[in-house]
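Inspection log for the structure reproduced underneath, given as structure tokens.
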Amino acid sequence: MRIIVTGGSGFIGWHLANYLANNPDNEITIIDNHERGEADSMFNELISRKNVIFINQDMTQKNFYNDLSGYYDCIYHLAAINGTKNFYNRPYDVLRVNILSLINMLEYCNNNNCGGFLFSSSSEAYAGTVDLNPDKLVPTSENIALSVNDVMNPRWSYGGSKITGELLTVNYCRVHKLRFKIIRYHNIYGIRMGYDHVLPEFFRRIHERINPFPIYGGQETTSN
């Protein structure tokens, strides 16, 4: 299979691309510009393999797909700016990059060059619907109405970009009769994640034996 993984230098993208590349019959094309991911030793080892191609491009620019050619059996679109600090400090960048990169990737796709498309969404897309649920049931059903609780809160830049991304994926792929899937991640953590996320920051404080131990919030529930 010929497969594209966007955001392949990121945490989840690297693990996906690495898994797919372990099959020598697959040809993996990674598109990334290291906005969030790293060109570390693990990534460099991955792109050194004979069946892996790396394209260093900013996907908000349409010319990013000039280096693509032929038919791809599947496109996994994971490229995005994430990280809670970025949601607050760079909300416009989060919206611009996440939406533009998806639009450009979708507009590359047609029945002649794409067999299927997967959009990497997030549980943040329906995080606000817990407040709309009269019983506030957790876990929340994934088919509940989506909502942005407060457009003035920059925290919603990421969740809003993912709601928009789901709408774009569904409608573009339906119009062009492309097979598609949408996946909403909850909390994923593991090797090569770094510390710019809630769970690894929590683990870091444990490792450093910080005392008194700060716990922020404390009323939330999570699904891992």
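Convention: chains lettered A, B, ... in structure tokens order; per-chain residue numbering from 1; ligands numbered from 1 as shown.
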Expected answer as JSON, numbers by chain: helix (DSSP H, G or I) residues in chain A: {"A": [11, 12, 13, 14, 15, 16, 17, 18, 19, 20, 21, 41, 42, 43, 44, 45, 46, 47, 62, 63, 64, 65, 66, 67, 84, 85, 86, 87, 88, 89, 91, 92, 93, 94, 95, 96, 97, 98, 99, 100, 101, 102, 103, 104, 105, 106, 107, 108, 123, 124, 125, 126, 127, 128, 129, 130, 156, 157, 158, 159, 160, 161, 162, 163, 164, 165, 166, 167, 168, 169, 170, 171, 172, 173, 174, 175, 198, 199, 200, 201, 202, 203, 204, 205, 206, 207]}
Close residues, segment 150-159 of chain A itself excluded, 12 Å, only C-alpha atoms, min 4 positions apart in chain, as a PyMOL selection string: chain A and resi 80-99+121-129+146+163-166+184-185
List every residue of segment 48-163 of chain A that has an atom at most 6 Å from any atom of segment 27-35 of chain A, and for each one report the closest atom pair and its distance in Å to one decimal, counting only C-alpha atoms, with rows sorted by chain and then by increasing residue number, as a Markdown table.
```
| residue | atom | partner | partner_atom | distance |
| --- | --- | --- | --- | --- |
| A:Asn51 | CA | A:Glu27 | CA | 4.8 |
| A:Val52 | CA | A:Ile28 | CA | 4.8 |
| A:Ile53 | CA | A:Thr29 | CA | 4.6 |
| A:Phe54 | CA | A:Ile30 | CA | 4.8 |
| A:Ile55 | CA | A:Ile31 | CA | 4.8 |
| A:Asn56 | CA | A:Asn33 | CA | 5.1 |
| A:Gln57 | CA | A:Asn33 | CA | 5.2 |
| A:Asp58 | CA | A:Asn33 | CA | 5.7 |
```
Output for the residues just chosen: all heavy atoms as a JSON list (two decimals), in the first residue's frame:
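out.json written:
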```json
[["chain", "number", "residue", "atom", "x", "y", "z"],
["A", 51, "ASN", "N", 11.52, 2.40, 2.58],
["A", 51, "ASN", "CA", 10.10, 2.51, 2.20],
["A", 51, "ASN", "C", 9.42, 3.73, 2.82],
["A", 51, "ASN", "O", 8.20, 3.81, 2.87],
["A", 51, "ASN", "CB", 9.33, 1.24, 2.59],
["A", 51, "ASN", "CG", 9.28, 1.00, 4.09],
["A", 51, "ASN", "OD1", 10.17, 1.42, 4.83],
["A", 51, "ASN", "ND2", 8.25, 0.31, 4.55],
["A", 52, "VAL", "N", 10.23, 4.71, 3.29],
["A", 52, "VAL", "CA", 9.66, 5.93, 3.89],
["A", 52, "VAL", "C", 10.20, 7.15, 3.15],
["A", 52, "VAL", "O", 11.40, 7.28, 2.91],
["A", 52, "VAL", "CB", 10.01, 6.04, 5.39],
["A", 52, "VAL", "CG1", 9.46, 7.34, 5.98],
["A", 52, "VAL", "CG2", 9.45, 4.84, 6.15],
["A", 53, "ILE", "N", 9.29, 8.04, 2.78],
["A", 53, "ILE", "CA", 9.62, 9.30, 2.12],
["A", 53, "ILE", "C", 9.20, 10.44, 3.04],
["A", 53, "ILE", "O", 8.08, 10.42, 3.58],
["A", 53, "ILE", "CB", 8.88, 9.43, 0.77],
["A", 53, "ILE", "CG1", 9.29, 8.29, -0.17],
["A", 53, "ILE", "CG2", 9.13, 10.78, 0.12],
["A", 53, "ILE", "CD1", 8.37, 8.15, -1.36],
["A", 54, "PHE", "N", 10.07, 11.41, 3.23],
["A", 54, "PHE", "CA", 9.72, 12.56, 4.08],
["A", 54, "PHE", "C", 9.65, 13.81, 3.23],
["A", 54, "PHE", "O", 10.58, 14.13, 2.48],
["A", 54, "PHE", "CB", 10.75, 12.74, 5.19],
["A", 54, "PHE", "CG", 10.56, 14.00, 5.98],
["A", 54, "PHE", "CD1", 9.33, 14.33, 6.53],
["A", 54, "PHE", "CD2", 11.63, 14.87, 6.18],
["A", 54, "PHE", "CE1", 9.15, 15.50, 7.26],
["A", 54, "PHE", "CE2", 11.46, 16.04, 6.91],
["A", 54, "PHE", "CZ", 10.22, 16.35, 7.45],
["A", 55, "ILE", "N", 8.53, 14.54, 3.34],
["A", 55, "ILE", "CA", 8.35, 15.82, 2.66],
["A", 55, "ILE", "C", 8.22, 16.89, 3.74],
["A", 55, "ILE", "O", 7.26, 16.89, 4.51],
["A", 55, "ILE", "CB", 7.10, 15.81, 1.77],
["A", 55, "ILE", "CG1", 7.23, 14.74, 0.68],
["A", 55, "ILE", "CG2", 6.87, 17.18, 1.15],
["A", 55, "ILE", "CD1", 5.97, 14.58, -0.16],
["A", 56, "ASN", "N", 9.20, 17.78, 3.80],
["A", 56, "ASN", "CA", 9.20, 18.86, 4.79],
["A", 56, "ASN", "C", 8.48, 20.06, 4.17],
["A", 56, "ASN", "O", 9.07, 20.80, 3.39],
["A", 56, "ASN", "CB", 10.64, 19.23, 5.16],
["A", 56, "ASN", "CG", 10.71, 20.20, 6.33],
["A", 56, "ASN", "OD1", 9.73, 20.89, 6.63],
["A", 56, "ASN", "ND2", 11.86, 20.26, 6.97],
["A", 57, "GLN", "N", 7.20, 20.22, 4.52],
["A", 57, "GLN", "CA", 6.39, 21.26, 3.91],
["A", 57, "GLN", "C", 5.39, 21.83, 4.91],
["A", 57, "GLN", "O", 4.94, 21.13, 5.82],
["A", 57, "GLN", "CB", 5.60, 20.71, 2.71],
["A", 57, "GLN", "CG", 6.42, 20.51, 1.45],
["A", 57, "GLN", "CD", 6.65, 21.81, 0.70],
["A", 57, "GLN", "OE1", 6.33, 22.89, 1.18],
["A", 57, "GLN", "NE2", 7.21, 21.72, -0.50],
["A", 58, "ASP", "N", 5.08, 23.10, 4.73],
["A", 58, "ASP", "CA", 4.02, 23.77, 5.47],
["A", 58, "ASP", "C", 2.71, 23.49, 4.75],
["A", 58, "ASP", "O", 2.48, 23.96, 3.64],
["A", 58, "ASP", "CB", 4.30, 25.27, 5.52],
["A", 58, "ASP", "CG", 3.19, 26.06, 6.22],
["A", 58, "ASP", "OD1", 2.19, 25.45, 6.65],
["A", 58, "ASP", "OD2", 3.33, 27.29, 6.30]]
```
Write out as CSV a residue-level contact list of segment 73-92 of chain A versus segment 13-20 of chain A with cut-off 10 Å: for each qualifying residue the closest pair of atoms and the distance in Å to one decimal, counting only C-alpha atoms, rows sorted by chain and residue number upward.
```
residue,atom,partner,partner_atom,distance
A:Tyr76,CA,A:Gly13,CA,8.7
A:His77,CA,A:Gly13,CA,8.9
A:Leu78,CA,A:Gly13,CA,6.4
A:Ala79,CA,A:Gly13,CA,8.0
```
Residues from last step as file, C-alpha atoms, as a PDB file, in the first residue's frame:
```pdb
ATOM      1  CA  TYR A  76      -4.073   9.724   7.529  1.00  0.00           C
ATOM      2  CA  HIS A  77      -4.384  13.424   8.318  1.00  0.00           C
ATOM      3  CA  LEU A  78      -2.948  14.027  11.797  1.00  0.00           C
ATOM      4  CA  ALA A  79      -1.156  17.345  11.217  1.00  0.00           C
TER       5      ALA A  79
END
```
Nearest to Arg192 of chain A by atom-to-atom distance, counting only C-alpha atoms, from A:Met59, A:Met1, A:Ala21, A:Met42: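 Smallest distance to Arg192 of chain A is found for A:Met42.
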Exercise: segment 117-119 of chain A partners within 9 Å, only C-alpha atoms, chain neighbours under 3 positions left out, as a VMD selection string: chain A and resid 73 to 78 102 106 109 114 165 to 166 169 173 178 to 184
Near-Gln61 of chain A list (9 Å; only C-alpha atoms; drop same-chain fewer than 3 positions) as a PyMOL selection string: chain A and resi 57-58+64-65+100-101+104
